[in-house]
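File shown: work-v3.cif. Contents: mmCIF, C-alpha atoms.
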data_coords
loop_
_atom_site.group_PDB
_atom_site.id
_atom_site.type_symbol
_atom_site.label_atom_id
_atom_site.label_comp_id
_atom_site.auth_asym_id
_atom_site.auth_seq_id
_atom_site.Cartn_x
_atom_site.Cartn_y
_atom_site.Cartn_z
ATOM 1 C CA MET A 6 42.920 -20.462 -36.148
ATOM 2 C CA THR A 7 45.488 -18.294 -37.950
ATOM 3 C CA PRO A 8 45.335 -18.779 -41.769
ATOM 4 C CA HIS A 9 48.410 -20.338 -43.362
ATOM 5 C CA PRO A 10 49.416 -21.204 -46.950
ATOM 6 C CA PRO A 11 48.719 -24.757 -48.071
ATOM 7 C CA ALA A 12 51.629 -27.116 -48.582
ATOM 8 C CA GLY A 13 53.067 -27.121 -52.086
ATOM 9 C CA PRO A 14 52.423 -29.947 -54.572
ATOM 10 C CA GLY A 15 54.292 -33.151 -53.763
ATOM 11 C CA GLU A 16 55.487 -31.842 -50.414
ATOM 12 C CA GLY A 17 55.199 -33.732 -47.178
ATOM 13 C CA VAL A 18 53.904 -32.187 -43.947
ATOM 14 C CA SER A 19 56.259 -29.381 -43.069
ATOM 15 C CA ALA A 20 56.997 -28.209 -39.523
ATOM 16 C CA HIS A 21 54.460 -25.395 -40.110
ATOM 17 C CA GLY A 22 51.822 -27.918 -41.230
ATOM 18 C CA ALA A 23 52.472 -30.137 -38.206
ATOM 19 C CA ALA A 24 51.893 -27.195 -35.864
ATOM 20 C CA SER A 25 48.655 -26.394 -37.668
ATOM 21 C CA LEU A 26 47.411 -29.966 -37.276
ATOM 22 C CA LYS A 27 48.165 -29.809 -33.554
ATOM 23 C CA ARG A 28 46.117 -26.619 -33.226
ATOM 24 C CA VAL A 29 43.225 -28.225 -35.106
ATOM 25 C CA SER A 30 43.364 -31.309 -32.887
ATOM 26 C CA ALA A 31 43.399 -29.170 -29.745
ATOM 27 C CA SER A 32 40.389 -27.163 -30.975
ATOM 28 C CA VAL A 33 38.419 -30.312 -31.762
ATOM 29 C CA LEU A 34 39.258 -31.782 -28.366
ATOM 30 C CA THR A 35 38.110 -28.582 -26.617
ATOM 31 C CA LEU A 36 34.822 -28.639 -28.539
ATOM 32 C CA ILE A 37 34.230 -32.278 -27.573
ATOM 33 C CA VAL A 38 34.826 -31.498 -23.890
ATOM 34 C CA ILE A 39 32.412 -28.531 -23.978
ATOM 35 C CA LEU A 40 29.701 -30.635 -25.626
ATOM 36 C CA ALA A 41 30.207 -33.442 -23.124
ATOM 37 C CA VAL A 42 29.877 -31.095 -20.140
ATOM 38 C CA SER A 43 26.715 -29.549 -21.604
ATOM 39 C CA LEU A 44 25.103 -32.926 -22.283
ATOM 40 C CA ALA A 45 25.967 -34.064 -18.759
ATOM 41 C CA GLY A 46 24.113 -31.087 -17.283
ATOM 42 C CA GLY A 47 27.278 -29.387 -16.099
ATOM 43 C CA CYS A 48 25.781 -25.921 -16.525
ATOM 44 C CA SER A 49 23.529 -25.228 -13.539
ATOM 45 C CA THR A 50 22.304 -21.896 -14.928
ATOM 46 C CA ALA A 51 20.464 -23.430 -17.886
ATOM 47 C CA LYS A 52 16.959 -22.046 -18.217
ATOM 48 C CA PRO A 53 13.980 -24.398 -18.498
ATOM 49 C CA GLY A 54 12.138 -22.516 -21.235
ATOM 50 C CA LYS A 55 8.537 -21.452 -20.780
ATOM 51 C CA ILE A 56 6.752 -22.059 -17.477
ATOM 52 C CA VAL A 57 3.009 -22.108 -16.793
ATOM 53 C CA SER A 58 2.062 -21.924 -13.115
ATOM 54 C CA LEU A 59 -1.377 -23.020 -11.976
ATOM 55 C CA SER A 60 -0.436 -22.622 -8.316
ATOM 56 C CA PRO A 61 -0.404 -19.153 -6.711
ATOM 57 C CA SER A 62 2.188 -20.309 -4.168
ATOM 58 C CA ALA A 63 4.461 -21.627 -6.933
ATOM 59 C CA THR A 64 3.985 -18.396 -8.876
ATOM 60 C CA GLU A 65 5.265 -16.340 -5.952
ATOM 61 C CA ILE A 66 8.195 -18.700 -5.467
ATOM 62 C CA LEU A 67 9.160 -18.591 -9.154
ATOM 63 C CA PHE A 68 9.361 -14.819 -9.227
ATOM 64 C CA GLN A 69 11.256 -14.654 -5.955
ATOM 65 C CA ILE A 70 13.960 -17.108 -7.034
ATOM 66 C CA GLY A 71 14.572 -15.320 -10.332
ATOM 67 C CA ALA A 72 12.549 -17.465 -12.735
ATOM 68 C CA GLY A 73 9.913 -14.819 -13.416
ATOM 69 C CA ASP A 74 11.155 -14.102 -16.915
ATOM 70 C CA GLU A 75 10.374 -17.684 -17.937
ATOM 71 C CA VAL A 76 6.805 -17.572 -16.578
ATOM 72 C CA VAL A 77 4.545 -17.041 -19.599
ATOM 73 C CA GLY A 78 1.149 -17.778 -18.021
ATOM 74 C CA VAL A 79 -0.389 -18.069 -14.552
ATOM 75 C CA ASP A 80 -3.783 -19.117 -13.219
ATOM 76 C CA GLU A 81 -6.560 -16.718 -12.361
ATOM 77 C CA HIS A 82 -5.751 -16.783 -8.636
ATOM 78 C CA SER A 83 -2.084 -15.841 -8.988
ATOM 79 C CA THR A 84 -2.108 -12.202 -7.902
ATOM 80 C CA TYR A 85 1.385 -11.585 -6.575
ATOM 81 C CA PRO A 86 3.883 -10.124 -7.290
ATOM 82 C CA PRO A 87 2.417 -7.256 -9.390
ATOM 83 C CA GLU A 88 4.354 -8.423 -12.461
ATOM 84 C CA VAL A 89 2.040 -11.418 -12.848
ATOM 85 C CA ARG A 90 -0.913 -9.253 -13.824
ATOM 86 C CA SER A 91 0.167 -9.176 -17.453
ATOM 87 C CA ARG A 92 0.465 -12.975 -17.474
ATOM 88 C CA ARG A 93 -2.724 -13.869 -15.651
ATOM 89 C CA ASP A 94 -5.187 -15.761 -17.819
ATOM 90 C CA SER A 95 -8.777 -16.262 -16.681
ATOM 91 C CA LYS A 96 -8.872 -19.399 -18.833
ATOM 92 C CA LEU A 97 -5.944 -20.925 -16.966
ATOM 93 C CA SER A 98 -7.459 -22.658 -13.974
ATOM 94 C CA GLY A 99 -5.735 -24.618 -11.260
ATOM 95 C CA LEU A 100 -9.033 -26.160 -10.215
ATOM 96 C CA ASN A 101 -10.157 -27.231 -13.690
ATOM 97 C CA PRO A 102 -7.112 -27.170 -15.980
ATOM 98 C CA ASP A 103 -7.800 -26.889 -19.698
ATOM 99 C CA LEU A 104 -5.256 -28.894 -21.689
ATOM 100 C CA ASN A 105 -5.547 -26.888 -24.892
ATOM 101 C CA GLN A 106 -5.316 -23.570 -23.076
ATOM 102 C CA ILE A 107 -2.178 -24.705 -21.285
ATOM 103 C CA LEU A 108 -0.597 -26.024 -24.482
ATOM 104 C CA SER A 109 -1.309 -22.748 -26.264
ATOM 105 C CA TYR A 110 1.588 -21.291 -24.262
ATOM 106 C CA ARG A 111 3.958 -24.016 -25.509
ATOM 107 C CA PRO A 112 5.330 -24.596 -21.997
ATOM 108 C CA SER A 113 8.328 -26.681 -21.011
ATOM 109 C CA ILE A 114 7.142 -26.926 -17.390
ATOM 110 C CA VAL A 115 3.663 -26.781 -15.844
ATOM 111 C CA ILE A 116 3.289 -26.498 -12.065
ATOM 112 C CA LEU A 117 0.104 -27.658 -10.338
ATOM 113 C CA SER A 118 -0.939 -27.697 -6.687
ATOM 114 C CA GLU A 119 -2.913 -30.328 -4.827
ATOM 115 C CA ARG A 120 -6.152 -28.541 -5.655
ATOM 116 C CA ALA A 121 -5.677 -29.412 -9.304
ATOM 117 C CA PRO A 122 -6.806 -32.904 -10.336
ATOM 118 C CA ALA A 123 -3.416 -34.596 -10.290
ATOM 119 C CA SER A 124 -4.893 -37.945 -11.231
ATOM 120 C CA GLY A 125 -8.121 -39.424 -12.485
ATOM 121 C CA MET A 126 -10.427 -38.585 -15.365
ATOM 122 C CA ASN A 127 -9.941 -34.829 -15.151
ATOM 123 C CA SER A 128 -6.166 -34.916 -14.918
ATOM 124 C CA VAL A 129 -4.144 -33.099 -17.541
ATOM 125 C CA GLY A 130 -0.888 -34.455 -16.155
ATOM 126 C CA PRO A 131 -0.507 -37.552 -18.363
ATOM 127 C CA ALA A 132 -1.602 -35.622 -21.458
ATOM 128 C CA LEU A 133 1.008 -32.934 -20.816
ATOM 129 C CA THR A 134 3.686 -35.524 -20.160
ATOM 130 C CA ALA A 135 2.805 -37.239 -23.439
ATOM 131 C CA LYS A 136 3.440 -33.917 -25.173
ATOM 132 C CA GLY A 137 6.908 -33.725 -23.654
ATOM 133 C CA VAL A 138 5.952 -31.172 -20.996
ATOM 134 C CA LYS A 139 7.417 -31.621 -17.511
ATOM 135 C CA VAL A 140 4.681 -31.594 -14.852
ATOM 136 C CA LEU A 141 5.447 -30.618 -11.269
ATOM 137 C CA ILE A 142 2.745 -31.296 -8.688
ATOM 138 C CA GLU A 143 3.529 -29.246 -5.594
ATOM 139 C CA PRO A 144 0.839 -29.716 -2.918
ATOM 140 C CA ALA A 145 0.560 -27.802 0.324
ATOM 141 C CA PRO A 146 3.424 -28.929 2.570
ATOM 142 C CA GLU A 147 2.796 -30.419 5.983
ATOM 143 C CA ASP A 148 4.887 -27.842 7.826
ATOM 144 C CA VAL A 149 7.329 -25.001 7.335
ATOM 145 C CA GLU A 150 10.247 -27.342 6.623
ATOM 146 C CA GLY A 151 8.189 -28.703 3.752
ATOM 147 C CA VAL A 152 8.004 -25.163 2.373
ATOM 148 C CA TYR A 153 11.776 -24.932 2.202
ATOM 149 C CA ARG A 154 12.040 -28.314 0.490
ATOM 150 C CA GLN A 155 9.448 -27.302 -2.095
ATOM 151 C CA ILE A 156 11.237 -24.044 -2.833
ATOM 152 C CA GLN A 157 14.484 -25.937 -3.379
ATOM 153 C CA LYS A 158 12.765 -28.466 -5.633
ATOM 154 C CA ILE A 159 11.243 -25.755 -7.810
ATOM 155 C CA GLY A 160 14.638 -24.100 -7.962
ATOM 156 C CA ALA A 161 16.300 -27.331 -9.067
ATOM 157 C CA GLU A 162 13.699 -27.986 -11.765
ATOM 158 C CA THR A 163 13.973 -24.470 -13.184
ATOM 159 C CA GLY A 164 17.734 -24.025 -13.042
ATOM 160 C CA ARG A 165 17.462 -21.509 -10.206
ATOM 161 C CA GLU A 166 19.137 -23.473 -7.429
ATOM 162 C CA GLU A 167 21.077 -20.504 -6.077
ATOM 163 C CA GLY A 168 18.032 -18.248 -5.859
ATOM 164 C CA ALA A 169 15.972 -21.009 -4.257
ATOM 165 C CA GLU A 170 18.621 -21.782 -1.665
ATOM 166 C CA LYS A 171 18.917 -18.111 -0.794
ATOM 167 C CA LEU A 172 15.147 -17.736 -0.407
ATOM 168 C CA ALA A 173 14.783 -20.865 1.735
ATOM 169 C CA SER A 174 17.706 -19.851 3.929
ATOM 170 C CA THR A 175 16.405 -16.310 4.420
ATOM 171 C CA MET A 176 12.888 -17.498 5.256
ATOM 172 C CA ARG A 177 14.177 -20.112 7.695
ATOM 173 C CA LYS A 178 16.259 -17.532 9.515
ATOM 174 C CA ARG A 179 13.559 -14.847 9.684
ATOM 175 C CA ILE A 180 10.747 -17.184 10.748
ATOM 176 C CA GLY A 181 12.948 -18.834 13.341
ATOM 177 C CA GLU A 182 13.867 -15.484 14.820
ATOM 178 C CA ILE A 183 10.249 -14.302 14.941
ATOM 179 C CA VAL A 184 9.064 -17.436 16.740
ATOM 180 C CA ARG A 185 11.973 -17.406 19.213
ATOM 181 C CA ARG A 186 11.410 -13.774 20.130
ATOM 182 C CA THR A 187 7.654 -14.080 20.584
ATOM 183 C CA THR A 188 6.448 -14.064 24.152
ATOM 184 C CA LYS A 189 2.843 -15.206 24.134
ATOM 185 C CA ALA A 190 0.402 -13.372 26.390
ATOM 186 C CA ALA A 191 -0.845 -15.501 29.271
ATOM 187 C CA THR A 192 -4.432 -14.864 28.215
ATOM 188 C CA VAL A 193 -3.888 -16.234 24.673
ATOM 189 C CA ARG A 194 -3.930 -20.016 24.621
ATOM 190 C CA SER A 195 -6.511 -21.105 22.019
ATOM 191 C CA TYR A 196 -7.469 -19.834 18.582
ATOM 192 C CA TYR A 197 -10.043 -20.158 15.824
ATOM 193 C CA HIS A 198 -8.933 -19.793 12.188
ATOM 194 C CA GLU A 199 -11.912 -18.995 9.958
ATOM 195 C CA LEU A 200 -11.709 -19.939 6.275
ATOM 196 C CA ASP A 201 -15.117 -18.573 5.304
ATOM 197 C CA ASN A 202 -18.257 -17.217 6.930
ATOM 198 C CA THR A 203 -19.934 -20.634 6.988
ATOM 199 C CA TYR A 204 -17.406 -21.577 9.704
ATOM 200 C CA TYR A 205 -15.090 -23.857 7.792
ATOM 201 C CA SER A 206 -11.777 -24.020 9.595
ATOM 202 C CA ALA A 207 -8.394 -25.778 9.440
ATOM 203 C CA THR A 208 -7.008 -28.166 12.030
ATOM 204 C CA SER A 209 -3.511 -28.606 13.432
ATOM 205 C CA ASN A 210 -2.960 -31.346 10.845
ATOM 206 C CA THR A 211 -2.925 -28.825 7.988
ATOM 207 C CA PHE A 212 -0.141 -26.556 6.822
ATOM 208 C CA ILE A 213 -1.732 -23.423 8.270
ATOM 209 C CA GLY A 214 -2.367 -25.277 11.535
ATOM 210 C CA SER A 215 1.310 -26.166 11.769
ATOM 211 C CA ILE A 216 2.198 -22.470 11.645
ATOM 212 C CA TYR A 217 0.037 -21.653 14.652
ATOM 213 C CA ALA A 218 1.444 -24.692 16.450
ATOM 214 C CA MET A 219 4.904 -23.118 16.234
ATOM 215 C CA PHE A 220 3.626 -20.563 18.741
ATOM 216 C CA GLY A 221 2.132 -23.166 21.069
ATOM 217 C CA LEU A 222 -1.481 -22.236 20.339
ATOM 218 C CA ARG A 223 -4.317 -24.751 20.753
ATOM 219 C CA ASN A 224 -6.655 -25.128 17.772
ATOM 220 C CA ILE A 225 -10.342 -25.325 18.715
ATOM 221 C CA ALA A 226 -11.170 -26.966 15.351
ATOM 222 C CA ASP A 227 -9.241 -30.154 16.109
ATOM 223 C CA LYS A 228 -11.973 -31.851 18.121
ATOM 224 C CA PHE A 229 -14.604 -31.160 15.448
ATOM 225 C CA ASP A 230 -12.762 -32.926 12.612
ATOM 226 C CA SER A 231 -14.648 -36.234 12.852
ATOM 227 C CA GLU A 232 -13.872 -37.137 9.224
ATOM 228 C CA GLY A 233 -10.176 -36.347 9.479
ATOM 229 C CA SER A 234 -10.267 -34.048 6.448
ATOM 230 C CA GLY A 235 -8.269 -31.322 8.132
ATOM 231 C CA TYR A 236 -10.966 -28.827 7.163
ATOM 232 C CA PRO A 237 -14.056 -29.350 9.329
ATOM 233 C CA LYS A 238 -17.152 -27.201 9.196
ATOM 234 C CA LEU A 239 -17.989 -25.878 12.624
ATOM 235 C CA SER A 240 -21.198 -24.233 13.722
ATOM 236 C CA ALA A 241 -21.611 -20.885 15.419
ATOM 237 C CA LYS A 242 -22.489 -22.757 18.603
ATOM 238 C CA ASN A 243 -19.301 -24.816 18.324
ATOM 239 C CA VAL A 244 -17.170 -21.689 18.237
ATOM 240 C CA VAL A 245 -19.038 -20.005 21.082
ATOM 241 C CA ALA A 246 -18.761 -23.112 23.245
ATOM 242 C CA ALA A 247 -15.039 -23.515 22.498
ATOM 243 C CA ASN A 248 -14.508 -19.887 23.517
ATOM 244 C CA PRO A 249 -11.227 -19.150 21.677
ATOM 245 C CA ASP A 250 -8.877 -16.519 23.098
ATOM 246 C CA ILE A 251 -8.105 -15.135 19.646
ATOM 247 C CA ILE A 252 -9.807 -15.317 16.231
ATOM 248 C CA PHE A 253 -7.998 -15.120 12.892
ATOM 249 C CA LEU A 254 -10.127 -14.252 9.870
ATOM 250 C CA ALA A 255 -8.891 -15.598 6.516
ATOM 251 C CA ASP A 256 -12.151 -14.524 4.847
ATOM 252 C CA THR A 257 -11.802 -10.765 4.795
ATOM 253 C CA ASN A 258 -11.529 -10.470 1.004
ATOM 254 C CA CYS A 259 -13.723 -13.347 -0.082
ATOM 255 C CA CYS A 260 -16.513 -12.862 2.406
ATOM 256 C CA GLY A 261 -16.203 -9.333 3.789
ATOM 257 C CA GLN A 262 -15.586 -10.407 7.358
ATOM 258 C CA ASN A 263 -13.957 -8.181 9.984
ATOM 259 C CA ALA A 264 -13.992 -7.482 13.703
ATOM 260 C CA ALA A 265 -17.342 -5.678 13.479
ATOM 261 C CA THR A 266 -19.160 -8.429 11.583
ATOM 262 C CA VAL A 267 -17.832 -11.079 13.953
ATOM 263 C CA ALA A 268 -18.797 -9.114 17.048
ATOM 264 C CA ALA A 269 -22.309 -8.699 15.631
ATOM 265 C CA ARG A 270 -22.921 -12.441 15.311
ATOM 266 C CA PRO A 271 -25.595 -13.612 17.767
ATOM 267 C CA GLY A 272 -24.062 -14.951 20.971
ATOM 268 C CA TRP A 273 -20.481 -14.226 19.958
ATOM 269 C CA GLU A 274 -20.203 -11.379 22.452
ATOM 270 C CA LYS A 275 -19.612 -14.124 25.043
ATOM 271 C CA ILE A 276 -16.381 -15.268 23.356
ATOM 272 C CA SER A 277 -13.152 -14.152 25.037
ATOM 273 C CA ALA A 278 -11.616 -13.110 21.713
ATOM 274 C CA VAL A 279 -14.548 -10.781 21.041
ATOM 275 C CA ARG A 280 -14.627 -9.333 24.550
ATOM 276 C CA ASP A 281 -10.863 -8.716 24.529
ATOM 277 C CA LYS A 282 -10.918 -7.383 20.956
ATOM 278 C CA ARG A 283 -8.548 -10.062 19.719
ATOM 279 C CA ILE A 284 -10.018 -10.494 16.244
ATOM 280 C CA VAL A 285 -7.355 -10.444 13.546
ATOM 281 C CA ALA A 286 -8.227 -9.715 9.917
ATOM 282 C CA LEU A 287 -5.727 -11.509 7.683
ATOM 283 C CA ASN A 288 -5.043 -11.082 3.991
ATOM 284 C CA ASP A 289 -6.825 -14.094 2.467
ATOM 285 C CA ASP A 290 -4.071 -14.719 -0.069
ATOM 286 C CA ILE A 291 -1.176 -14.556 2.364
ATOM 287 C CA ALA A 292 -3.029 -16.791 4.816
ATOM 288 C CA SER A 293 -3.617 -19.500 2.212
ATOM 289 C CA ARG A 294 -0.232 -19.686 0.460
ATOM 290 C CA TRP A 295 3.111 -21.192 1.370
ATOM 291 C CA GLY A 296 5.377 -18.930 -0.633
ATOM 292 C CA PRO A 297 7.788 -16.133 0.336
ATOM 293 C CA ARG A 298 5.082 -14.089 2.064
ATOM 294 C CA LEU A 299 4.722 -16.764 4.733
ATOM 295 C CA VAL A 300 7.164 -14.618 6.716
ATOM 296 C CA ASP A 301 4.567 -11.824 6.730
ATOM 297 C CA LEU A 302 1.899 -14.163 8.114
ATOM 298 C CA VAL A 303 4.203 -15.417 10.870
ATOM 299 C CA GLN A 304 4.999 -11.818 11.787
ATOM 300 C CA VAL A 305 1.311 -10.904 12.056
ATOM 301 C CA ILE A 306 0.554 -13.892 14.286
ATOM 302 C CA SER A 307 3.503 -13.019 16.494
ATOM 303 C CA GLN A 308 2.360 -9.424 16.927
ATOM 304 C CA LYS A 309 -1.247 -10.288 17.687
ATOM 305 C CA ILE A 310 -0.701 -12.928 20.362
ATOM 306 C CA ARG A 311 1.652 -10.829 22.498
#
Hey, can you dump this file as structure tokens for me?
Amino acid sequence: MTPHPPAGPGEGVSAHGAASLKRVSASVLTLIVILAVSLAGGCSTAKPGKIVSLSPSATEILFQIGAGDEVVGVDEHSTYPPEVRSRRDSKLSGLNPDLNQILSYRPSIVILSERAPASGMNSVGPALTAKGVKVLIEPAPEDVEGVYRQIQKIGAETGREEGAEKLASTMRKRIGEIVRRTTKAATVRSYYHELDNTYYSATSNTFIGSIYAMFGLRNIADKFDSEGSGYPKLSAKNVVAANPDIIFLADTNCCGQNAATVAARPGWEKISAVRDKRIVALNDDIASRWGPRLVDLVQVISQKIR
């Protein structure tokens, strides 16, 4: 406001003074409006403060939607993108969260996946909430549409709605195009997805199973899930008897499996996938996460079943 001389002693409010009062009133009114909009959440670009991610999938999503600068700590399994290396903490565990270690980062938001104890004696959720920390539990989605919803939710909770919407839209378009353009070979009808070299697998009722189902592939693990866990343990004989047309290995990093080790398993030379050399070595991380790199997994599946 432009400075002006005060009114003289005994004077009333002059025309100049009246104008000044109007300017003051207008300024106060503007300030009140700005405060009201801010308190009502009118600014969608507000940042959430510090974020700790104990979910590798959430970590990848956060960096992709533009919230990477707010991520101060990630769990020991968050390996992508490369920027997370400086924020990875071996004492931050998604499987066994340590309350004090998490709080040492003074986070505003903590993101957990379904593998973390979300409830019960080992849960850190209520303790974090009691400290005023927002807790987001983002489990593996049921299908690809669930991925998009989770991305949008994380975006909304971190003030990155625009980045989240862009990511979800781009992924939806690219995955849809890949699936539509894929012409499956007539000899590829069934598959076996190996989680580790003790023959644990995933059924069609899991997230990863839903991805294969998009291509019309039959999962040999479905009939062996007597407990309905979604992750049955098969035997070598089970796999040989089911005779899958293609094998996907999600245990290349953890367990050193590849086409040669699979072909060398006793009796497995009888399996169509082995005879036809349709053994696909996947990146363990990409095959187990539901973040932005899901597009890469879909592309690999598409290429290998043609």
Non-local contacts of Glu81 in chain A (7 Å; all atoms listed in the file; under 5 positions in same chain excluded) as a count of residues only: 5
Which is closest to Val300 in chain A among A:Val267, A:Ile107, A:Val152, A:Val140, if we use all atoms listed in the file? A:Val152
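Minimum atom-to-atom distance to Ala264 in chain A, evaluated using all atoms listed in the file, belongs to A:Ala278 out of A:Asp80, A:Ile310, A:Tyr197, A:Ala278.
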Please enumerate the residues selected by the PyMOL selection byres ((chain A and resi 168-176) around 12) when evaluated against the supplied file, formatted as number ranges by chain. A: 49-50, 63, 65-73, 149-167, 177-183, 295-304
Could you spell out the hits of the PyMOL selection byres ((chain A and resi 250) around 8) on the shown file, as an NGL selection string? :A and (192-196 or 248-249 or 251-252 or 276-278 or 283)
Set the distance at 12 Å and use all atoms listed in the file: which residues neighbour Thr134 in chain A once local chain neighbours fewer than 3 positions away are removed? I'd like the list as JSON, numbers by chain. {"A": [104, 108, 112, 113, 114, 115, 128, 129, 130, 131, 137, 138, 139, 140, 141]}
Can you pull out the residues contacting Tyr217 in chain A? Cut-off 9 Å, using all atoms listed in the file, and skip same-chain residues under 4 positions away; I want them as number ranges by chain. A: 196, 209, 213, 221-224, 303, 306
Would you pick out the contacts of Leu200 in chain A at 12 Å or less, using all atoms listed in the file, so that residues sharing its chain but fewer than 6 positions from it are not included, and give the list as a PDB file with C-alpha atoms, keeping the file's coordinate frame?
ATOM      1  CA  SER A 206     -11.777 -24.020   9.595  1.00  0.00           C
ATOM      2  CA  ALA A 207      -8.394 -25.778   9.440  1.00  0.00           C
ATOM      3  CA  THR A 208      -7.008 -28.166  12.030  1.00  0.00           C
ATOM      4  CA  ILE A 213      -1.732 -23.423   8.270  1.00  0.00           C
ATOM      5  CA  GLY A 214      -2.367 -25.277  11.535  1.00  0.00           C
ATOM      6  CA  ALA A 226     -11.170 -26.966  15.351  1.00  0.00           C
ATOM      7  CA  TYR A 236     -10.966 -28.827   7.163  1.00  0.00           C
ATOM      8  CA  PRO A 237     -14.056 -29.350   9.329  1.00  0.00           C
ATOM      9  CA  LYS A 238     -17.152 -27.201   9.196  1.00  0.00           C
ATOM     10  CA  LEU A 239     -17.989 -25.878  12.624  1.00  0.00           C
ATOM     11  CA  ILE A 252      -9.807 -15.317  16.231  1.00  0.00           C
ATOM     12  CA  PHE A 253      -7.998 -15.120  12.892  1.00  0.00           C
ATOM     13  CA  LEU A 254     -10.127 -14.252   9.870  1.00  0.00           C
ATOM     14  CA  ALA A 255      -8.891 -15.598   6.516  1.00  0.00           C
ATOM     15  CA  ASP A 256     -12.151 -14.524   4.847  1.00  0.00           C
ATOM     16  CA  THR A 257     -11.802 -10.765   4.795  1.00  0.00           C
ATOM     17  CA  ASN A 258     -11.529 -10.470   1.004  1.00  0.00           C
ATOM     18  CA  CYS A 259     -13.723 -13.347  -0.082  1.00  0.00           C
ATOM     19  CA  CYS A 260     -16.513 -12.862   2.406  1.00  0.00           C
ATOM     20  CA  GLY A 261     -16.203  -9.333   3.789  1.00  0.00           C
ATOM     21  CA  GLN A 262     -15.586 -10.407   7.358  1.00  0.00           C
ATOM     22  CA  ALA A 286      -8.227  -9.715   9.917  1.00  0.00           C
ATOM     23  CA  LEU A 287      -5.727 -11.509   7.683  1.00  0.00           C
ATOM     24  CA  ASN A 288      -5.043 -11.082   3.991  1.00  0.00           C
ATOM     25  CA  ASP A 289      -6.825 -14.094   2.467  1.00  0.00           C
ATOM     26  CA  ASP A 290      -4.071 -14.719  -0.069  1.00  0.00           C
ATOM     27  CA  ALA A 292      -3.029 -16.791   4.816  1.00  0.00           C
ATOM     28  CA  SER A 293      -3.617 -19.500   2.212  1.00  0.00           C
TER      29      SER A 293
END
From the options A:Val279, A:Ile116, A:Val244, A:Leu100, which residue's atoms come nearest to Gly78 in chain A, counting only C-alpha atoms?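 Among the listed residues, A:Ile116 lies closest to Gly78 in chain A.
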Would you mind reading off the distance between CA of Ser58 in chain A and CA of Val305 in chain A, one decimal, in Å? 27.5 Å
Between A:Asn202, A:Thr266, A:Ala191, A:His82, which is the closest to Ser240 in chain A once you count only C-alpha atoms? A:Asn202
Tell me, in Å to one decimal, how far CA of Arg111 in chain A is from CA of Ile56 in chain A.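 CA of Arg111 in chain A sits 8.7 Å away from CA of Ile56 in chain A.
The interatomic distance for the pair CA of Ala241 in chain A and CA of Asp227 in chain A works out to 15.5 Å.
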